[in-house]
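Here's entry03.txt, which has compact mmCIF, C-alpha atoms:
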```txt
# COMPACT_ATOMS: atom_id res chain seq x y z
CA MET V 1 -61.74 -5.10 22.45
CA PHE V 2 -58.45 -5.46 20.58
CA ASP V 3 -58.20 -5.69 16.83
CA ALA V 4 -55.24 -7.87 15.91
CA LEU V 5 -53.23 -6.25 13.12
CA GLY V 6 -50.19 -8.48 12.71
CA GLY V 7 -47.51 -10.51 14.39
CA VAL V 8 -44.08 -11.97 13.81
CA GLY V 9 -42.05 -14.47 15.80
CA ASP V 10 -38.72 -16.21 15.98
CA PRO V 11 -39.16 -19.85 14.83
CA ALA V 12 -36.01 -20.74 16.75
CA SER V 13 -37.94 -20.00 19.94
CA LEU V 14 -40.75 -22.37 19.02
CA THR V 15 -41.13 -24.71 21.99
CA ASN V 16 -44.61 -24.81 23.54
CA ASN V 17 -45.38 -21.80 21.36
CA PHE V 18 -43.35 -18.84 20.15
CA GLU V 19 -41.27 -17.79 23.12
CA THR V 20 -40.02 -14.70 21.28
CA TYR V 21 -42.59 -12.84 19.26
CA LEU V 22 -44.19 -9.48 18.62
CA VAL V 23 -47.83 -8.68 17.99
CA VAL V 24 -49.56 -5.44 17.09
CA ASN V 25 -53.10 -4.77 18.24
CA SER V 26 -55.27 -1.70 18.08
CA ASN V 27 -58.02 -0.41 20.29
CA ASN V 28 -60.34 2.58 20.40
CA VAL V 29 -59.68 4.93 23.29
CA ASN V 30 -60.62 8.36 24.47
CA PRO V 31 -58.12 10.61 22.67
CA ASN V 32 -57.86 12.88 25.69
CA GLU V 33 -57.22 10.09 28.13
CA ASP V 34 -53.81 9.56 29.68
CA LEU V 35 -52.06 6.64 27.92
CA ARG V 36 -51.22 4.96 31.22
CA THR V 37 -54.91 4.98 32.12
CA SER V 38 -55.81 3.57 28.70
CA TYR V 39 -53.22 0.87 29.10
CA ASN V 40 -54.37 -0.08 32.60
CA ASP V 41 -57.92 -0.31 31.31
CA MET V 42 -56.80 -2.68 28.55
CA GLU V 43 -54.50 -4.97 30.45
CA ASN V 44 -55.72 -7.28 33.14
CA TYR V 45 -52.61 -7.93 35.21
CA ALA V 46 -54.57 -10.17 37.56
CA ASN V 47 -54.46 -12.85 34.85
CA LEU V 48 -50.68 -12.75 34.67
CA SER V 49 -48.90 -15.10 37.01
CA ASN V 50 -46.00 -13.62 39.03
CA TYR V 51 -46.48 -10.20 37.42
CA GLN V 52 -43.59 -7.87 38.24
CA PHE V 53 -43.59 -4.29 37.05
CA ILE V 54 -40.12 -3.07 36.01
CA SER V 55 -40.51 0.40 34.51
CA ASP V 56 -42.61 2.66 32.32
CA ASN V 57 -42.13 5.96 30.53
CA TYR V 58 -43.82 8.36 28.19
CA THR V 59 -42.17 9.04 24.84
CA THR V 60 -42.85 10.11 21.27
CA ILE V 61 -42.86 7.73 18.30
CA LEU V 62 -43.69 8.86 14.75
CA GLY V 63 -44.43 12.25 16.27
CA LEU V 64 -47.26 10.69 18.28
CA ASN V 65 -47.70 10.26 22.01
CA ALA V 66 -46.42 6.90 23.15
CA TYR V 67 -46.14 4.98 26.40
CA GLN V 68 -43.73 2.11 27.15
CA VAL V 69 -44.11 -0.49 29.88
CA LEU V 70 -41.68 -3.21 30.88
CA TYR V 71 -42.59 -6.15 33.13
CA THR V 72 -41.97 -9.84 33.82
CA TRP V 73 -44.41 -12.67 34.43
CA THR V 74 -44.76 -16.45 34.12
CA ASP V 75 -46.75 -18.08 31.34
CA GLU V 76 -49.03 -21.12 31.55
CA TYR V 77 -46.05 -23.44 30.89
CA GLY V 78 -44.08 -21.99 33.77
CA THR V 79 -41.71 -20.08 31.48
CA GLN V 80 -40.49 -16.79 32.87
CA LYS V 81 -41.18 -14.04 30.36
CA GLU V 82 -40.21 -10.43 29.95
CA THR V 83 -42.53 -8.16 28.01
CA GLU V 84 -42.29 -4.67 26.62
CA ASP V 85 -45.54 -3.03 25.58
CA VAL V 86 -45.45 0.13 23.51
CA LEU V 87 -48.64 2.13 23.03
CA ILE V 88 -48.86 4.68 20.23
CA ARG V 89 -51.98 6.79 20.04
CA LYS V 90 -53.22 8.24 16.78
CA ASN V 91 -56.49 10.14 17.18
CA SER V 92 -58.84 7.78 19.00
CA THR V 93 -56.91 4.64 18.11
CA VAL V 94 -54.13 3.24 20.22
CA TYR V 95 -51.70 0.78 18.67
CA VAL V 96 -50.18 -1.70 21.11
CA ILE V 97 -46.88 -3.26 20.08
CA GLU V 98 -46.21 -6.14 22.41
CA TYR V 99 -42.72 -7.67 22.38
CA GLU V 100 -42.33 -10.77 24.50
CA SER V 101 -39.42 -13.13 25.12
CA GLU V 102 -38.03 -15.54 27.67
CA ILE V 103 -36.23 -13.52 30.32
CA GLN V 104 -32.80 -14.90 29.39
CA ASP V 105 -33.34 -14.07 25.68
CA PHE V 106 -34.91 -10.66 26.12
CA GLU V 107 -31.70 -8.62 25.90
CA LYS V 108 -30.40 -10.73 23.02
CA ASN V 109 -33.54 -10.03 20.99
CA GLN V 110 -33.71 -6.35 21.85
CA PRO V 111 -32.03 -5.33 18.54
CA ASN V 112 -34.74 -7.24 16.66
CA PHE V 113 -37.41 -5.45 18.61
CA ASN V 114 -35.70 -2.13 17.95
CA LEU V 115 -35.64 -2.95 14.23
CA ILE V 116 -39.41 -3.43 14.29
CA LEU V 117 -40.15 -0.44 16.50
CA ASN V 118 -37.87 1.93 14.59
CA SER V 119 -39.43 0.97 11.26
CA PHE V 120 -43.00 0.86 12.51
CA ASN V 121 -45.40 3.02 10.55
CA ILE V 122 -49.15 3.51 10.46
CA THR V 123 -50.38 3.66 6.88
CA SER V 124 -54.13 3.83 7.36
CA MET A 1 60.38 -9.78 30.00
CA MET A 2 58.87 -13.20 30.53
CA ASP A 3 59.25 -14.28 34.16
CA ARG A 4 59.42 -17.72 35.70
CA ASP A 5 55.84 -17.73 36.96
CA ALA A 6 54.61 -17.12 33.48
CA LEU A 7 56.86 -19.78 32.07
CA SER A 8 55.63 -22.27 34.67
CA SER A 9 52.12 -22.02 33.20
CA GLY A 10 51.40 -24.92 30.89
CA GLU A 11 49.76 -22.68 28.37
CA LEU A 12 52.69 -20.33 28.36
CA LYS A 13 55.02 -23.22 27.76
CA LYS A 14 52.94 -24.29 24.79
CA GLU A 15 53.01 -20.75 23.48
CA TYR A 16 56.70 -20.58 24.10
CA PHE A 17 57.32 -23.77 22.14
CA LEU A 18 54.90 -22.74 19.44
CA LEU A 19 56.64 -19.43 18.96
CA LYS A 20 59.96 -21.14 19.07
CA CYS A 21 58.98 -23.73 16.47
CA VAL A 22 57.85 -21.17 13.94
CA GLY A 23 60.98 -19.16 14.47
CA GLU A 24 59.31 -16.17 15.99
CA PHE A 25 60.66 -16.65 19.48
CA LYS A 26 61.28 -13.47 21.27
CA MET A 27 61.20 -12.32 24.86
CA VAL A 28 57.93 -10.62 25.78
CA SER A 29 56.53 -9.06 28.93
CA LYS A 30 54.37 -11.05 31.34
CA ASP A 31 51.24 -9.08 30.33
CA ASP A 32 51.83 -9.62 26.62
CA ALA A 33 52.50 -13.28 27.22
CA GLN A 34 49.28 -13.71 29.19
CA LYS A 35 47.31 -11.87 26.49
CA ARG A 36 48.74 -14.17 23.85
CA VAL A 37 47.88 -17.22 25.97
CA GLN A 38 44.34 -15.96 26.49
CA LYS A 39 43.97 -15.37 22.74
CA VAL A 40 45.14 -18.91 22.08
CA LYS A 41 42.61 -20.17 24.64
CA ASP A 42 39.81 -18.07 23.09
CA ASP A 43 40.58 -19.18 19.59
CA LYS A 44 40.46 -22.83 20.48
CA VAL A 45 37.59 -24.78 19.01
CA LYS A 46 35.57 -26.68 21.56
CA CYS A 47 34.25 -30.01 20.36
CA ALA A 48 30.43 -30.14 20.55
CA ASN A 49 30.64 -33.90 21.12
CA CYS A 50 33.26 -34.35 23.86
CA GLY A 51 34.09 -30.79 24.92
CA PHE A 52 37.79 -31.09 24.07
CA LYS A 53 39.44 -27.80 23.16
CA ASN A 54 41.11 -28.16 19.80
CA LYS A 55 43.54 -25.94 17.97
CA PRO A 56 41.92 -23.01 16.13
CA ASP A 57 42.43 -24.44 12.65
CA SER A 58 41.38 -27.99 13.52
CA ILE A 59 38.77 -29.61 11.29
CA TYR A 60 38.27 -32.77 13.34
CA CYS A 61 38.41 -33.19 17.12
CA GLN A 62 41.76 -34.46 18.31
CA SER A 63 40.03 -36.36 21.08
CA CYS A 64 37.00 -38.02 19.52
CA GLY A 65 37.38 -37.34 15.80
CA ASN A 66 34.10 -35.45 15.58
CA GLU A 67 33.88 -32.88 12.80
CA LEU A 68 34.39 -29.41 14.30
CA GLU A 69 32.53 -26.24 13.56
CA THR A 70 34.90 -23.74 12.02
CA ALA A 71 34.90 -20.06 12.96
CA SER A 72 33.27 -19.13 9.64
CA GLN A 73 30.59 -21.76 10.14
CA LYS A 74 30.01 -20.43 13.64
CA LYS A 75 29.67 -16.89 12.29
CA LEU A 76 27.29 -18.11 9.61
CA ARG A 77 25.20 -19.94 12.20
CA ARG A 78 25.02 -16.80 14.34
CA LYS A 79 23.96 -14.81 11.29
CA HIS A 80 21.24 -17.36 10.57
CA ILE A 81 20.00 -17.20 14.17
CA ILE A 82 19.91 -13.40 14.14
CA LEU A 83 18.18 -13.43 10.74
CA GLY A 84 15.64 -15.97 12.01
CA VAL A 85 14.89 -13.90 15.11
CA LEU A 86 14.47 -10.77 13.00
CA ILE A 87 12.14 -12.55 10.56
CA LEU A 88 10.10 -13.99 13.45
CA ALA A 89 9.84 -10.56 15.08
CA GLY A 90 8.78 -9.06 11.75
CA VAL A 91 6.11 -11.72 11.21
CA CYS A 92 4.78 -11.19 14.76
CA PHE A 93 4.73 -7.43 14.25
CA GLY A 94 2.90 -7.76 10.93
CA PHE A 95 0.44 -10.21 12.48
CA MET A 96 -0.30 -7.77 15.31
CA ILE A 97 -0.87 -4.95 12.82
CA ILE A 98 -3.30 -7.12 10.83
CA LEU A 99 -5.14 -8.09 14.02
CA GLY A 100 -5.34 -4.42 15.00
CA ILE A 101 -6.79 -3.47 11.62
CA ILE A 102 -9.38 -6.27 11.80
CA ALA A 103 -10.36 -5.31 15.35
CA SER A 104 -10.62 -1.66 14.37
CA GLU A 105 -12.81 -2.45 11.36
CA SER A 106 -15.10 -4.72 13.38
CA GLU A 107 -15.54 -1.98 15.98
CA ASN A 108 -16.38 0.62 13.37
CA SER A 109 -18.74 -1.49 11.33
CA THR A 110 -22.30 -2.11 12.40
CA ASN A 111 -23.69 -5.55 11.83
CA PRO A 112 -26.50 -5.03 9.34
CA ILE A 113 -29.71 -6.92 10.09
CA ILE A 114 -31.28 -8.49 7.03
CA TYR A 115 -35.00 -7.96 7.26
CA LYS A 116 -38.35 -8.58 5.65
CA THR A 117 -41.20 -6.10 5.61
CA TYR A 118 -44.63 -6.62 7.10
CA ASP A 119 -47.29 -4.55 5.33
CA ASN A 120 -50.85 -5.38 6.27
CA ASN A 121 -53.91 -4.06 8.15
CA GLY A 122 -52.73 -0.46 7.92
CA ILE A 123 -49.36 -0.97 9.54
CA THR A 124 -45.86 -1.61 8.18
CA PHE A 125 -42.62 -2.59 9.89
CA HIS A 126 -39.39 -4.43 9.19
CA TYR A 127 -38.69 -7.68 11.00
CA PRO A 128 -35.71 -10.07 11.07
CA PHE A 129 -35.27 -12.22 7.96
CA THR A 130 -35.21 -15.38 10.07
CA TRP A 131 -38.49 -14.58 11.77
CA THR A 132 -41.87 -15.55 10.40
CA THR A 133 -45.34 -14.04 10.46
CA LEU A 134 -47.67 -15.71 12.87
CA ASN A 135 -51.25 -16.12 13.77
CA PHE A 136 -50.93 -14.02 16.88
CA ASN A 137 -54.16 -15.28 18.45
CA THR A 138 -52.75 -18.78 18.74
CA ARG A 139 -49.13 -17.79 18.22
CA GLN A 140 -48.76 -20.43 15.51
CA ALA A 141 -46.74 -19.71 12.38
CA ASP A 142 -48.70 -18.70 9.31
CA VAL A 143 -48.18 -21.15 6.47
```
Translate this file's structure into structure tokens.
Amino acid sequence: MFDALGGVGDPASLTNNFETYLVVNSNNVNPNEDLRTSYNDMENYANLSNYQFISDNYTTILGLNAYQVLYTWTDEYGTQKETEDVLIRKNSTVYVIEYESEIQDFEKNQPNFNLILNSFNITS
Amino acid sequence: MMDRDALSSGELKKEYFLLKCVGEFKMVSKDDAQKRVQKVKDDKVKCANCGFKNKPDSIYCQSCGNELETASQKKLRRKHIILGVLILAGVCFGFMIILGIIASESENSTNPIIYKTYDNNGITFHYPFTWTTLNFNTRQADV
């Protein structure tokens, strides 16, 4: 079960809801488990309409193991979305930073997402 | 020596009479005579209105009475044109330099993003100033 930690969005993208936004959740995981496995256990892709995997990769953020996933899908209003999920694991907690935008605005908002990701810090 | 062919030219006759009238008549070679005639032709002032070729020192056109442009005025006009072209070229050159500097500066500078800081629930991050925090469960803006 996710614990919601915070979220920000672009009011200019407020149509049906925020089309461009970012949320941070946390979840308890097995610290020895592969991050891709943890992520697949958390996400239920079957609920996402027109899910299309684009890419994934392992990386390091804040000196911690991280895993990035990029994919597209269609929301309940028929809007085509592109999402980038970034998982950062600290001990037995994984932090999931989920950046989502309409496909045509994804690239444009990438610098904003980078601002958030590059400044992200875990204080607890 | 001036030959008959040369003398049969209308221009040469005018030159001949002109020289004669001012008391400077003398026999010249055909080449010299033709050079003098050509000089007289070149020095003539063409009327901008009717195209009539007037005597070099004419102020008004003998044909239509239009005021003629004197040689000094013509030189002055040419100077003004050359000066204008040089000024225009200088302005264009300066403008291009300014554009180059601006383009160079914009390439070198990074556009700073003004941000706010989120600090809650054990996490911190910067986010764009124009963005707002939201209730992420419903994705509605926090008020």
Env of segment 105-118 of chain V: 9 Å cut, atoms = all atoms listed in the file, seq-sep filter 5 positions within chain, self excluded. Answer as number ranges by chain. V: 20, 22, 61, 81-83, 86, 97, 99-100; A: 113, 115, 125-128
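The gap separating atom CA of Lys35 of chain A from atom CA of Arg77 of chain A is 27.5 Å, in Å to one decimal.
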Given a cut-off of 7 Å, which residues of chain A touch chain V, counting only C-alpha atoms, written out as an NGL selection string? :A and (121-128 or 130-136 or 139-140)
As a check of understanding: the span from atom CA of Cys47 of chain A to atom CA of Glu69 of chain A is 8.0 Å
Test item: residues at most 10 Å from segment 56-60 of chain V, all atoms listed in the file, excluding those fewer than 5 positions along its chain, as a PDB file with C-alpha atoms, keeping the file's coordinate frame:
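Below is the file that was written, selection15.pdb:
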```
ATOM      1  CA  LEU V  35     -52.060   6.640  27.920  1.00  0.00           C
ATOM      2  CA  ARG V  36     -51.220   4.960  31.220  1.00  0.00           C
ATOM      3  CA  ASN V  65     -47.700  10.260  22.010  1.00  0.00           C
ATOM      4  CA  ALA V  66     -46.420   6.900  23.150  1.00  0.00           C
ATOM      5  CA  TYR V  67     -46.140   4.980  26.400  1.00  0.00           C
ATOM      6  CA  GLN V  68     -43.730   2.110  27.150  1.00  0.00           C
ATOM      7  CA  VAL V  69     -44.110  -0.490  29.880  1.00  0.00           C
ATOM      8  CA  LEU V  70     -41.680  -3.210  30.880  1.00  0.00           C
ATOM      9  CA  TYR V  71     -42.590  -6.150  33.130  1.00  0.00           C
ATOM     10  CA  GLU V  84     -42.290  -4.670  26.620  1.00  0.00           C
ATOM     11  CA  ASP V  85     -45.540  -3.030  25.580  1.00  0.00           C
ATOM     12  CA  VAL V  86     -45.450   0.130  23.510  1.00  0.00           C
ATOM     13  CA  LEU V  87     -48.640   2.130  23.030  1.00  0.00           C
ATOM     14  CA  ILE V  88     -48.860   4.680  20.230  1.00  0.00           C
ATOM     15  CA  ARG V  89     -51.980   6.790  20.040  1.00  0.00           C
TER      16      ARG V  89
END
```
To one decimal place, how far is atom CA of Phe52 of chain A from atom CA of Asn66 of chain A in Å?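 The value is 10.2 Å.
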Taking 2 positions as the minimum chain separation for residues in the same chain, which residues sit within 6 Å of Ser49 of chain V when counting all atoms listed in the file? Answer as a VMD selection string. chain V and resid 51 73 to 74
Quick one: axis-aligned box around all listed atoms of segment 56-59 of chain A, 3 Å on every side, centre and edge lengths in Å to one decimal, written as AutoDock Vina command-line options.
```
--center_x 40.6 --center_y -26.3 --center_z 13.7 --size_x 9.7 --size_y 12.6 --size_z 10.8
```
Give me, as a ChimeraX atom specification, all polymer residues having an atom no more than 12 Å from Glu33 of chain V, counting all atoms listed in the file and skipping those fewer than 2 positions away in the same chain. /V:28-31,35-41,65,89,91-94
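Nearest to Val96 of chain V of all the residues V:Gln80, V:Asn32, V:Asn27, V:Asn44 is V:Asn27, counting only C-alpha atoms.
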